[in-house]
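Structure file start_9.cif (mmCIF, C-alpha atoms and all ligand atoms) follows.
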```
data_my_file
loop_
_atom_site.label_atom_id
_atom_site.label_comp_id
_atom_site.auth_asym_id
_atom_site.auth_seq_id
_atom_site.Cartn_x
_atom_site.Cartn_y
_atom_site.Cartn_z
CA MET A 1 102.58 94.15 129.39
CA THR A 2 101.58 95.18 132.88
CA VAL A 3 98.30 96.93 133.49
CA GLU A 4 98.14 99.69 136.04
CA LEU A 5 94.67 99.19 137.36
CA ALA A 6 93.11 101.92 139.40
CA PRO A 7 91.17 100.50 142.36
CA ALA A 8 87.59 99.79 141.41
CA PRO A 9 85.12 102.03 143.24
CA ALA A 10 82.43 100.41 145.37
CA PRO A 11 79.45 99.46 143.19
CA LEU A 12 76.33 101.63 143.46
CA ALA A 13 72.94 100.11 144.14
CA GLY A 14 71.67 98.81 140.81
CA ALA A 15 75.13 98.74 139.22
CA ALA A 16 76.55 95.57 137.70
CA PRO A 17 78.04 93.04 140.16
CA ARG A 18 81.07 92.56 137.87
CA PRO A 19 82.78 95.93 137.32
CA ARG A 20 81.75 97.27 133.98
CA ILE A 21 84.26 98.91 131.68
CA PHE A 22 83.64 101.13 128.69
CA SER A 23 85.88 102.67 126.09
CA GLY A 24 85.40 104.46 122.80
CA ILE A 25 87.57 104.80 119.71
CA GLN A 26 87.00 107.15 116.81
CA PRO A 27 86.56 105.97 113.21
CA SER A 28 88.92 108.74 112.12
CA GLY A 29 91.38 106.36 110.43
CA ILE A 30 92.87 102.90 110.67
CA VAL A 31 93.87 101.54 114.08
CA HIS A 32 97.56 102.25 114.71
CA LEU A 33 100.37 101.18 117.00
CA GLY A 34 99.60 103.91 119.56
CA ASN A 35 95.96 102.81 119.77
CA ASP A 36 97.01 99.23 120.32
CA LEU A 37 99.77 99.79 122.87
CA GLY A 38 97.88 102.55 124.68
CA ALA A 39 94.35 101.14 124.73
CA VAL A 40 93.36 98.16 122.58
CA ARG A 41 95.71 95.73 124.34
CA ASN A 42 93.87 96.55 127.51
CA TYR A 43 90.50 96.19 125.79
CA VAL A 44 91.49 92.64 124.86
CA MET A 45 92.91 91.72 128.25
CA LEU A 46 90.10 93.24 130.29
CA GLN A 47 87.29 91.56 128.32
CA TYR A 48 88.16 88.34 130.18
CA GLU A 49 87.72 89.85 133.64
CA TYR A 50 85.14 92.57 133.31
CA GLU A 51 81.86 93.26 131.62
CA ALA A 52 83.40 95.09 128.69
CA ILE A 53 81.66 97.50 126.34
CA TYR A 54 83.59 98.99 123.42
CA CYS A 55 82.20 101.68 121.18
CA ILE A 56 83.14 103.04 117.77
CA VAL A 57 82.37 106.67 118.42
CA ASP A 58 81.23 107.93 115.04
CA TYR A 59 79.40 110.96 116.48
CA HIS A 60 82.70 112.13 117.92
CA ALA A 61 84.49 111.57 114.62
CA LEU A 62 81.89 113.77 112.88
CA THR A 63 83.43 116.78 114.60
CA SER A 64 86.39 116.44 112.21
CA THR A 65 85.39 114.03 109.40
CA HIS A 66 82.63 115.25 107.09
CA ASP A 67 82.74 112.76 104.21
CA PRO A 68 79.83 110.27 104.54
CA ASP A 69 81.47 107.56 102.41
CA LEU A 70 84.70 107.82 104.35
CA MET A 71 82.78 107.62 107.61
CA ARG A 72 81.04 104.41 106.52
CA ILE A 73 84.28 102.81 105.32
CA ARG A 74 86.27 103.80 108.38
CA THR A 75 83.59 102.55 110.76
CA ARG A 76 83.73 99.09 109.22
CA GLU A 77 87.53 99.14 108.99
CA LEU A 78 87.85 100.06 112.63
CA ALA A 79 85.42 97.34 113.70
CA ALA A 80 87.32 94.77 111.62
CA GLY A 81 90.61 96.05 113.05
CA LEU A 82 89.46 95.75 116.65
CA LEU A 83 88.11 92.25 116.08
CA ALA A 84 91.31 91.26 114.31
CA LEU A 85 93.35 92.52 117.27
CA GLY A 86 91.45 90.25 119.62
CA LEU A 87 88.08 91.66 120.64
CA ASP A 88 85.83 88.65 120.98
CA PRO A 89 82.12 89.37 120.48
CA ASP A 90 81.32 86.50 122.86
CA ARG A 91 83.31 88.20 125.63
CA CYS A 92 82.63 91.87 125.05
CA THR A 93 80.09 94.11 123.38
CA LEU A 94 81.28 96.05 120.33
CA PHE A 95 78.90 98.57 118.79
CA VAL A 96 78.61 101.90 117.01
CA GLN A 97 77.71 104.99 119.04
CA SER A 98 75.10 106.32 116.60
CA HIS A 99 73.24 102.99 116.75
CA ARG A 100 72.20 103.73 120.35
CA PRO A 101 70.32 107.04 120.32
CA GLU A 102 70.21 107.23 124.13
CA HIS A 103 73.83 108.47 124.17
CA THR A 104 72.93 111.83 122.63
CA GLU A 105 69.75 112.09 124.67
CA LEU A 106 71.71 111.70 127.89
CA ALA A 107 74.40 114.08 126.61
CA TRP A 108 71.82 116.87 126.36
CA LEU A 109 70.69 116.28 129.94
CA LEU A 110 74.33 116.33 131.10
CA CYS A 111 74.87 119.61 129.23
CA THR A 112 72.52 121.21 131.70
CA VAL A 113 74.81 120.38 134.65
CA THR A 114 78.06 121.26 132.83
CA PRO A 115 79.39 124.83 132.98
CA VAL A 116 80.69 126.08 129.61
CA SER A 117 83.93 127.16 131.31
CA TRP A 118 84.80 123.51 132.05
CA LEU A 119 84.55 122.71 128.35
CA GLU A 120 86.45 125.76 127.12
CA ARG A 121 89.47 124.89 129.25
CA THR A 122 89.74 121.33 127.89
CA PRO A 123 93.18 120.88 126.27
CA THR A 124 91.82 118.82 123.37
CA TYR A 125 89.31 121.58 122.54
CA LYS A 126 92.11 124.14 122.46
CA ASP A 127 94.17 121.82 120.23
CA LYS A 128 91.28 121.35 117.81
CA VAL A 129 90.66 125.10 117.64
CA ALA A 130 94.31 125.43 116.61
CA THR A 131 94.33 122.54 114.12
CA GLN A 132 90.97 123.20 112.45
CA PRO A 133 90.41 126.96 112.90
CA ASP A 134 87.92 127.10 110.03
CA ASP A 135 85.76 124.38 111.55
CA VAL A 136 85.33 125.14 115.25
CA ASN A 137 81.94 123.45 115.39
CA HIS A 138 79.87 123.20 118.53
CA GLY A 139 80.46 119.44 118.64
CA LEU A 140 84.11 120.05 119.46
CA LEU A 141 83.18 122.01 122.57
CA THR A 142 80.52 119.54 123.72
CA TYR A 143 82.65 116.48 122.93
CA PRO A 144 83.52 115.70 126.58
CA VAL A 145 79.86 115.84 127.62
CA LEU A 146 78.92 113.26 125.00
CA GLN A 147 81.94 111.22 126.10
CA ALA A 148 80.72 111.31 129.69
CA ALA A 149 77.28 110.17 128.50
CA ASP A 150 78.85 107.31 126.51
CA ILE A 151 80.51 106.00 129.66
CA ILE A 152 77.93 106.58 132.34
CA ILE A 153 74.85 105.50 130.42
CA TYR A 154 76.16 101.98 131.16
CA LYS A 155 77.31 102.99 134.67
CA ALA A 156 80.81 101.91 133.73
CA SER A 157 83.31 102.43 136.51
CA MET A 158 86.54 101.91 134.56
CA VAL A 159 87.70 103.26 131.23
CA PRO A 160 90.77 101.82 129.47
CA VAL A 161 92.34 104.74 127.56
CA GLY A 162 95.62 106.38 126.65
CA LYS A 163 97.00 109.24 128.72
CA ASP A 164 95.71 111.81 126.22
CA GLN A 165 92.23 111.02 127.53
CA ALA A 166 93.08 111.69 131.19
CA ALA A 167 91.72 115.25 131.13
CA HIS A 168 88.48 114.12 129.50
CA LEU A 169 88.07 111.41 132.10
CA GLU A 170 88.57 113.95 134.86
CA LEU A 171 85.88 116.07 133.26
CA SER A 172 83.55 113.07 133.10
CA ARG A 173 84.07 112.62 136.82
CA GLU A 174 83.26 116.28 137.46
CA ILE A 175 80.10 116.00 135.37
CA VAL A 176 79.08 112.91 137.34
CA ARG A 177 79.68 114.74 140.62
CA ALA A 178 77.64 117.72 139.39
CA PHE A 179 74.76 115.44 138.35
CA ASN A 180 74.82 113.35 141.52
CA TYR A 181 74.97 116.51 143.66
CA ARG A 182 71.93 118.04 141.97
CA TYR A 183 69.76 114.97 141.49
CA GLY A 184 71.05 112.39 143.99
CA GLU A 185 73.54 109.54 143.74
CA THR A 186 73.02 108.04 140.28
CA PHE A 187 76.29 107.41 138.47
CA PRO A 188 79.67 106.00 139.56
CA GLU A 189 82.72 108.21 138.93
CA PRO A 190 84.59 106.52 136.08
CA GLN A 191 88.31 105.89 136.51
CA ALA A 192 90.92 105.71 133.78
CA VAL A 193 92.91 102.50 133.29
CA PHE A 194 96.27 102.92 131.55
CA THR A 195 98.68 100.44 130.00
CA SER A 196 102.44 100.67 130.47
CA ALA A 197 102.54 102.61 127.16
CA PRO A 198 100.09 105.41 127.98
CA VAL A 199 101.57 107.79 125.37
CA VAL A 200 103.12 106.46 122.16
CA LEU A 201 104.87 109.13 120.12
CA GLY A 202 104.26 109.36 116.39
CA THR A 203 106.81 108.83 113.62
CA ASP A 204 107.64 112.56 113.85
CA GLY A 205 108.99 111.89 117.35
CA VAL A 206 107.21 114.99 118.68
CA LYS A 207 103.44 114.60 118.75
CA LYS A 208 101.54 111.65 120.11
CA MET A 209 100.73 109.13 117.41
CA SER A 210 97.28 110.07 116.07
CA LYS A 211 95.07 109.02 113.21
CA SER A 212 94.23 112.63 112.48
CA VAL A 213 97.86 113.80 112.50
CA GLY A 214 99.02 111.08 110.10
CA ASN A 215 102.19 110.25 112.05
CA THR A 216 101.12 106.63 112.51
CA ILE A 217 102.48 103.12 112.19
CA ASP A 218 99.60 101.20 110.64
CA ILE A 219 99.99 97.81 112.26
CA LEU A 220 97.34 96.18 110.06
CA GLY A 221 98.78 97.63 106.85
CA GLU A 222 100.99 95.84 104.35
CA PRO A 223 104.53 95.04 105.55
CA ASP A 224 105.90 97.47 102.99
CA LEU A 225 103.84 100.34 104.44
CA ILE A 226 104.99 99.46 107.97
CA ARG A 227 108.57 99.41 106.71
CA ARG A 228 108.26 102.86 105.13
CA GLN A 229 106.60 104.30 108.23
CA VAL A 230 109.15 102.88 110.68
CA MET A 231 112.12 103.79 108.50
CA SER A 232 110.84 107.39 108.36
CA MET A 233 110.77 107.70 112.16
CA VAL A 234 112.58 110.63 113.72
CA THR A 235 115.03 109.26 116.28
CA ASP A 236 117.71 110.91 118.40
CA THR A 237 118.17 114.21 116.53
CA GLN A 238 121.50 114.91 118.24
CA ARG A 239 123.09 111.73 116.92
CA GLY A 240 124.82 112.87 113.74
CA LEU A 241 127.17 110.06 112.75
CA ARG A 242 126.65 106.32 112.93
CA SER A 243 129.68 106.18 115.24
CA ASP A 244 128.24 108.76 117.70
CA PRO A 245 126.88 107.24 120.92
CA GLY A 246 123.07 107.48 120.94
CA ARG A 247 120.60 108.47 123.63
CA PRO A 248 118.21 105.52 123.79
CA GLU A 249 116.12 107.26 126.44
CA VAL A 250 114.97 109.84 123.87
CA CYS A 251 114.96 107.53 120.83
CA ASN A 252 111.38 106.62 119.97
CA VAL A 253 112.47 103.54 118.01
CA CYS A 254 114.42 102.18 120.96
CA GLN A 255 111.52 102.89 123.30
CA LEU A 256 109.14 100.91 121.10
CA HIS A 257 111.41 97.89 121.32
CA ARG A 258 110.23 97.59 124.94
CA PHE A 259 107.02 96.09 123.61
CA PHE A 260 108.45 93.69 121.06
CA GLY A 261 110.96 91.05 122.13
CA ASP A 262 112.71 90.61 125.45
CA ASP A 263 116.09 92.15 124.58
CA TYR A 264 115.27 95.80 125.23
CA GLN A 265 118.29 96.22 127.54
CA GLU A 266 120.63 94.92 124.85
CA ILE A 267 119.12 97.21 122.23
CA TRP A 268 119.40 100.13 124.66
CA GLU A 269 123.05 99.35 125.32
CA GLY A 270 123.76 98.91 121.59
CA GLU A 271 122.46 102.39 120.83
CA ARG A 272 124.19 103.97 123.78
CA THR A 273 127.60 102.53 122.87
CA ALA A 274 127.12 103.09 119.10
CA ARG A 275 127.47 99.35 118.52
CA THR A 276 124.24 99.66 116.56
CA GLY A 277 122.95 102.53 114.41
CA CYS A 278 119.42 103.89 114.09
CA VAL A 279 118.90 102.08 110.78
CA ASP A 280 119.75 98.71 112.39
CA THR A 281 117.31 99.33 115.23
CA LYS A 282 114.59 100.44 112.82
CA LYS A 283 115.02 97.39 110.59
CA LEU A 284 114.68 95.12 113.60
CA LEU A 285 111.57 96.97 114.75
CA VAL A 286 109.96 96.61 111.30
CA GLU A 287 110.62 92.88 111.37
CA ARG A 288 109.17 92.51 114.84
CA ILE A 289 106.06 94.60 114.24
CA VAL A 290 105.32 92.79 110.99
CA THR A 291 105.72 89.40 112.69
CA HIS A 292 103.80 90.37 115.82
CA TYR A 293 100.75 91.53 113.86
CA ALA A 294 100.87 88.93 111.04
CA GLY A 295 97.93 86.93 112.44
CA ALA A 296 95.86 90.06 113.06
CA ARG A 297 96.62 91.34 109.55
CA GLU A 298 95.36 88.07 108.09
CA ARG A 299 92.20 88.10 110.21
CA TYR A 300 91.63 91.75 109.26
CA ALA A 301 91.73 90.87 105.55
CA GLU A 302 89.26 88.02 106.14
CA LEU A 303 86.85 90.28 108.00
CA MET A 304 87.08 93.03 105.40
CA ALA A 305 86.22 90.44 102.77
CA ASN A 306 83.14 89.51 104.79
CA PRO A 307 81.48 92.82 105.77
CA ALA A 308 78.18 91.13 106.69
CA GLU A 309 79.93 89.38 109.58
CA VAL A 310 81.31 92.67 110.89
CA ASP A 311 78.02 94.52 110.47
CA GLY A 312 76.17 91.68 112.22
CA ILE A 313 78.47 91.87 115.24
CA LEU A 314 77.94 95.64 115.49
CA GLU A 315 74.18 95.35 115.20
CA ALA A 316 73.99 92.60 117.80
CA GLY A 317 76.14 94.73 120.11
CA ALA A 318 73.83 97.74 119.89
CA ASP A 319 70.77 95.53 120.44
CA ARG A 320 72.31 93.90 123.49
CA LEU A 321 72.83 97.30 125.11
CA LYS A 322 69.34 98.60 124.50
CA PRO A 323 67.77 97.51 127.82
CA MET A 324 70.67 98.94 129.82
CA ALA A 325 70.58 102.29 128.02
CA LYS A 326 66.79 102.51 128.30
CA ALA A 327 66.88 101.70 132.02
CA THR A 328 69.40 104.47 132.70
CA MET A 329 67.36 106.98 130.71
CA ALA A 330 64.21 106.06 132.61
CA GLU A 331 65.99 106.51 135.95
CA VAL A 332 67.57 109.80 134.92
CA LYS A 333 64.33 111.25 133.55
CA GLU A 334 62.52 110.28 136.73
CA LYS A 335 65.17 111.99 138.84
CA MET A 336 65.12 115.12 136.68
CA GLY A 337 61.34 115.46 136.78
CA LEU A 338 60.83 114.60 133.13
CA ARG A 339 58.02 112.17 133.76
P1 LIG A 401 92.29 111.06 116.48
O1 LIG A 401 93.56 111.63 115.91
O2 LIG A 401 91.15 111.09 115.51
O3 LIG A 401 91.93 111.66 117.81
P2 LIG A 401 93.58 108.86 117.78
O4 LIG A 401 94.66 108.22 117.03
O5 LIG A 401 93.95 109.84 118.84
O6 LIG A 401 92.57 109.51 116.72
P3 LIG A 401 91.36 107.88 119.29
O7 LIG A 401 90.26 107.18 118.57
O8 LIG A 401 91.16 109.32 119.64
O9 LIG A 401 92.68 107.71 118.40
O10 LIG A 401 91.74 107.08 120.60
C1 LIG A 401 91.43 105.73 120.80
C2 LIG A 401 92.15 105.24 122.05
O11 LIG A 401 93.56 105.13 121.78
C3 LIG A 401 92.02 106.21 123.23
O12 LIG A 401 91.90 105.46 124.39
C4 LIG A 401 93.32 106.97 123.22
O13 LIG A 401 93.67 107.46 124.49
C5 LIG A 401 94.28 105.90 122.74
N1 LIG A 401 95.42 106.48 122.05
C6 LIG A 401 95.36 107.22 120.92
N2 LIG A 401 96.57 107.58 120.53
C7 LIG A 401 97.44 107.08 121.44
C8 LIG A 401 98.85 107.15 121.60
N3 LIG A 401 99.59 107.77 120.72
N4 LIG A 401 99.41 106.54 122.66
C9 LIG A 401 98.64 105.88 123.57
N5 LIG A 401 97.30 105.79 123.48
C10 LIG A 401 96.69 106.38 122.43
MG MG A 402 92.40 110.99 119.78
#
```

Could you spell out this file's structure in structure tokens?
Ligand code: ATP
Ligand code: MG
Amino acid sequence: MTVELAPAPAPLAGAAPRPRIFSGIQPSGIVHLGNDLGAVRNYVMLQYEYEAIYCIVDYHALTSTHDPDLMRIRTRELAAGLLALGLDPDRCTLFVQSHRPEHTELAWLLCTVTPVSWLERTPTYKDKVATQPDDVNHGLLTYPVLQAADIIIYKASMVPVGKDQAAHLELSREIVRAFNYRYGETFPEPQAVFTSAPVVLGTDGVKKMSKSVGNTIDILGEPDLIRRQVMSMVTDTQRGLRSDPGRPEVCNVCQLHRFFGDDYQEIWEGERTARTGCVDTKKLLVERIVTHYAGARERYAELMANPAEVDGILEAGADRLKPMAKATMAEVKEKMGLR
């Protein structure tokens, strides 16, 4: 898979010599195909070249998940999932957001340079207001400010994410500009890094695949679950009969074949000429996804059977970041006249 890297900005005085990258993922469910193709593959690849920091953003997940037991379980499951997919604790830092209290401290300071109007216009905020109208908590509005704090507390200059995060990243950049303008050059403007699958559609074929929507393909789940999820995928809705020519360009199943196997053109042609039907293409995709993630699924089961190992990695990650987070807070407080 090719990576479309944005050019790295020039490092600021005091910033890391090797560009630092940061990304967060919510413990709102089990890691799915969209997470992997849109972000986690880049996490894995970039850990070899950059100083990589990856965060399980439980504070963000609290804006929609209110069950403490579920939060605990999902945090560990997500950590195990990311490690199983290839994050190497010797090459990157993996930690839990709430284990580093400086994130929320910085978020408050950033709130004071962020106009409310910027937050109210955020598309994800509007979506959440629509999807959870009875729970429009303040955290939903402030979410992008905390996200900016997550990134810039480590002065990260690049952020591997899916396209759905582009607006948030733009807002982070605006917040950085507002801070730097008021208090002097302090933070680099973080840039998004996308994969060649920046938006993976869900099994409904309409919305982006999301843990919270439940239209996912759970790559670390049992093969039978993957089979049921893939077989339920909505494909080309205009293709009525098996003998009708398909439209591979709008068929989500065909599109996903781009990332598994090297015969995408053949599959495309098969659908277009009605040589193959949707069921054939789905069955092949199931087989390929199950095979592709077999090793990760095994590793995931091992890690889940050994929670102390996972918890130890997360704790060590948060400890490793402490000096960096403290140094940024000291600098920021000095600049803001708080000491
Ligand atoms: P939620 O529904 O709780 O928001 P999610 O499935 O959207 O969960 P996140 O934790 O919000 O997952 O996102 C983790 C990373 O995966 C982000 O970088 C995000 O941009 C990326 N990502 C999420 N869904 C997709 C998708 N369908 N296609 C491509 N990238 C995605
Ligand atoms: Mg999301």

Sorted by chain and rising residue number, which residues of chain A lie within 6 Å of ligand LIG 401 (chain A), and what are their closest atom pairs and distances in Å to one decimal, counting only C-alpha atoms and all ligand atoms, as a Markdown table?
```
| residue | atom | partner | partner_atom | distance |
| --- | --- | --- | --- | --- |
| A:Ile25 | CA | A:LIG401 | O7 | 3.8 |
| A:Gln26 | CA | A:LIG401 | O7 | 3.7 |
| A:Ser28 | CA | A:LIG401 | O2 | 4.7 |
| A:Gly34 | CA | A:LIG401 | C8 | 3.9 |
| A:Asn35 | CA | A:LIG401 | O11 | 3.9 |
| A:Gly38 | CA | A:LIG401 | N5 | 3.5 |
| A:Ala39 | CA | A:LIG401 | O12 | 5.0 |
| A:Val161 | CA | A:LIG401 | O12 | 3.3 |
| A:Gly162 | CA | A:LIG401 | O13 | 3.1 |
| A:Lys163 | CA | A:LIG401 | O13 | 5.7 |
| A:Asp164 | CA | A:LIG401 | O13 | 5.1 |
| A:Gln165 | CA | A:LIG401 | O13 | 4.9 |
| A:Pro198 | CA | A:LIG401 | C9 | 4.7 |
| A:Val199 | CA | A:LIG401 | N4 | 3.7 |
| A:Val200 | CA | A:LIG401 | N4 | 3.7 |
| A:Leu201 | CA | A:LIG401 | N3 | 5.5 |
| A:Lys208 | CA | A:LIG401 | N3 | 4.4 |
| A:Met209 | CA | A:LIG401 | N3 | 3.8 |
| A:Ser210 | CA | A:LIG401 | O4 | 3.3 |
| A:Lys211 | CA | A:LIG401 | O4 | 3.9 |
| A:Ser212 | CA | A:LIG401 | O1 | 3.6 |
| A:Val213 | CA | A:LIG401 | O1 | 5.9 |
```

Might you pull out every residue within 9 Å of A:Ile289, with only C-alpha atoms counted and same-chain residues fewer than 2 positions away left off, and present them as a PyMOL selection string? chain A and resi 219+223+226+260+284-287+291-294

From the set A:Asp127, A:Asp88, A:Glu189, A:Asp204, which residue has the shortest atom-to-atom contact distance to ligand MG 402 (chain A), counting all atoms listed in the file?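 Going through A:Asp127, A:Asp88, A:Glu189, A:Asp204 one by one, the smallest distance to ligand MG 402 (chain A) is for A:Asp127.
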
Between atom CA of A:Val136 and atom CA of A:Val116 - distance in Å to one decimal: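 Atom-to-atom, atom CA of A:Val116 and atom CA of A:Val136 are spaced 15.1 Å apart.
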
Could you tell me which of A:Arg18, A:Arg173, A:Arg76, A:His32 comes closest to A:Ala308 if we count only C-alpha atoms?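 So, comparing all the options, the nearest one is A:Arg76.
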
From the set A:His60, A:Arg272, A:Arg299, A:Lys282, which residue has the shortest atom-to-atom contact distance to ligand MG 402 (chain A), counting all atoms listed in the file? A:His60

Size and centre in Å, one decimal, axis-aligned box, all listed stretch 65-69 of chain A atoms plus 6 Å per side, as lines of an AutoDock Vina configuration file:
```
center_x = 82.6
center_y = 111.4
center_z = 105.9
size_x = 17.6
size_y = 19.7
size_z = 19.0
```

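You can rank A:Ile21, A:Leu303, A:Leu314, A:Leu109 by their closest distance to A:Pro190 using all atoms listed in the file, and at the top of that list sits A:Ile21.
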
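Minimum distance to A:Leu37 across A:Ile217, A:Ile151, A:Ala330, A:Met233 (counting all atoms listed in the file) occurs at A:Ile217.
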
Have a look at atom CA of A:Tyr264 and atom CA of A:Ser243 and let me know their distance in Å, one decimal. 20.4 Å

Name the residues in contact with A:Val57 at a cut-off of 8 Å, using all atoms listed in the file, excluding same-chain residues fewer than 2 positions from it; report them as a PDB file with C-alpha atoms, in the frame of the given file.
```pdb
ATOM      1  CA  GLY A  24      85.400 104.460 122.800  1.00  0.00           C
ATOM      2  CA  ILE A  25      87.570 104.800 119.710  1.00  0.00           C
ATOM      3  CA  GLN A  26      87.000 107.150 116.810  1.00  0.00           C
ATOM      4  CA  PRO A  27      86.560 105.970 113.210  1.00  0.00           C
ATOM      5  CA  CYS A  55      82.200 101.680 121.180  1.00  0.00           C
ATOM      6  CA  TYR A  59      79.400 110.960 116.480  1.00  0.00           C
ATOM      7  CA  HIS A  60      82.700 112.130 117.920  1.00  0.00           C
ATOM      8  CA  ALA A  61      84.490 111.570 114.620  1.00  0.00           C
ATOM      9  CA  VAL A  96      78.610 101.900 117.010  1.00  0.00           C
ATOM     10  CA  GLN A  97      77.710 104.990 119.040  1.00  0.00           C
ATOM     11  CA  SER A  98      75.100 106.320 116.600  1.00  0.00           C
TER      12      SER A  98
END
```

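Considering the residues A:Ser172, A:Ser23, A:Thr114, A:Thr124 and counting only C-alpha atoms and all ligand atoms, ligand MG 402 (chain A) has its shortest atom-to-atom contact with A:Thr124.
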
Provide the atom CA of A:Gln255 to atom CA of A:Arg239 distance in Å, to one decimal place.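 Between atom CA of A:Gln255 and atom CA of A:Arg239 the gap works out to 15.9 Å.
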
Can you tell me which residues surround A:Val332 at a distance of at most 10 Å, considering all atoms listed in the file, apart from same-chain residues fewer than 3 positions away, and format the answer as a count of residues only? 16

Counting all atoms listed in the file, note down every residue that has an atom within 8 Å of the point (90.8, 103.5, 107.9) (file coordinates), as a PyMOL selection string. chain A and resi 27-31+73-75+77-78

Could you name the residues that touch A:Thr122 at 12 Å or less, counting only C-alpha atoms, but leaving out those on the same chain fewer than 4 positions away, as an NGL selection string? :A and (116-118 or 126-129 or 140-145 or 164-172)

Would you mind putting back all heavy atoms on stretch 176-181 of chain A, then writing it out as a PDB file, in the coordinates of the input?
```
ATOM      1  N   VAL A 176      79.798 113.863 136.486  1.00  0.00           N
ATOM      2  CA  VAL A 176      79.080 112.910 137.340  1.00  0.00           C
ATOM      3  C   VAL A 176      78.819 113.515 138.721  1.00  0.00           C
ATOM      4  O   VAL A 176      77.705 113.447 139.258  1.00  0.00           O
ATOM      5  CB  VAL A 176      79.880 111.590 137.474  1.00  0.00           C
ATOM      6  CG1 VAL A 176      79.392 110.758 138.648  1.00  0.00           C
ATOM      7  CG2 VAL A 176      79.784 110.782 136.187  1.00  0.00           C
ATOM      8  N   ARG A 177      79.840 114.143 139.279  1.00  0.00           N
ATOM      9  CA  ARG A 177      79.680 114.740 140.620  1.00  0.00           C
ATOM     10  C   ARG A 177      78.601 115.833 140.583  1.00  0.00           C
ATOM     11  O   ARG A 177      77.771 115.931 141.478  1.00  0.00           O
ATOM     12  CB  ARG A 177      81.009 115.337 141.103  1.00  0.00           C
ATOM     13  CG  ARG A 177      81.971 114.272 141.604  1.00  0.00           C
ATOM     14  CD  ARG A 177      83.073 114.882 142.468  1.00  0.00           C
ATOM     15  NE  ARG A 177      84.071 115.579 141.683  1.00  0.00           N
ATOM     16  CZ  ARG A 177      85.161 115.012 141.178  1.00  0.00           C
ATOM     17  NH1 ARG A 177      85.404 113.726 141.383  1.00  0.00           N
ATOM     18  NH2 ARG A 177      86.023 115.714 140.467  1.00  0.00           N
ATOM     19  N   ALA A 178      78.626 116.633 139.504  1.00  0.00           N
ATOM     20  CA  ALA A 178      77.640 117.720 139.390  1.00  0.00           C
ATOM     21  C   ALA A 178      76.220 117.132 139.282  1.00  0.00           C
ATOM     22  O   ALA A 178      75.285 117.633 139.911  1.00  0.00           O
ATOM     23  CB  ALA A 178      77.947 118.586 138.160  1.00  0.00           C
ATOM     24  N   PHE A 179      76.083 116.056 138.512  1.00  0.00           N
ATOM     25  CA  PHE A 179      74.760 115.440 138.350  1.00  0.00           C
ATOM     26  C   PHE A 179      74.305 114.831 139.672  1.00  0.00           C
ATOM     27  O   PHE A 179      73.180 115.058 140.131  1.00  0.00           O
ATOM     28  CB  PHE A 179      74.779 114.368 137.251  1.00  0.00           C
ATOM     29  CG  PHE A 179      73.409 113.830 136.952  1.00  0.00           C
ATOM     30  CD1 PHE A 179      72.647 114.343 135.914  1.00  0.00           C
ATOM     31  CD2 PHE A 179      72.830 112.831 137.754  1.00  0.00           C
ATOM     32  CE1 PHE A 179      71.351 113.882 135.672  1.00  0.00           C
ATOM     33  CE2 PHE A 179      71.542 112.367 137.516  1.00  0.00           C
ATOM     34  CZ  PHE A 179      70.807 112.895 136.467  1.00  0.00           C
ATOM     35  N   ASN A 180      75.195 114.033 140.273  1.00  0.00           N
ATOM     36  CA  ASN A 180      74.820 113.350 141.520  1.00  0.00           C
ATOM     37  C   ASN A 180      74.489 114.361 142.623  1.00  0.00           C
ATOM     38  O   ASN A 180      73.596 114.126 143.450  1.00  0.00           O
ATOM     39  CB  ASN A 180      75.969 112.449 142.000  1.00  0.00           C
ATOM     40  CG  ASN A 180      76.117 111.196 141.134  1.00  0.00           C
ATOM     41  OD1 ASN A 180      75.265 110.901 140.303  1.00  0.00           O
ATOM     42  ND2 ASN A 180      77.201 110.469 141.327  1.00  0.00           N
ATOM     43  N   TYR A 181      75.199 115.486 142.644  1.00  0.00           N
ATOM     44  CA  TYR A 181      74.970 116.510 143.660  1.00  0.00           C
ATOM     45  C   TYR A 181      73.576 117.126 143.488  1.00  0.00           C
ATOM     46  O   TYR A 181      72.829 117.320 144.437  1.00  0.00           O
ATOM     47  CB  TYR A 181      76.050 117.594 143.556  1.00  0.00           C
ATOM     48  CG  TYR A 181      75.898 118.702 144.558  1.00  0.00           C
ATOM     49  CD1 TYR A 181      76.239 118.503 145.897  1.00  0.00           C
ATOM     50  CD2 TYR A 181      75.413 119.957 144.172  1.00  0.00           C
ATOM     51  CE1 TYR A 181      76.088 119.523 146.830  1.00  0.00           C
ATOM     52  CE2 TYR A 181      75.258 120.973 145.095  1.00  0.00           C
ATOM     53  CZ  TYR A 181      75.599 120.750 146.427  1.00  0.00           C
ATOM     54  OH  TYR A 181      75.445 121.757 147.334  1.00  0.00           O
TER      55      TYR A 181
END
```
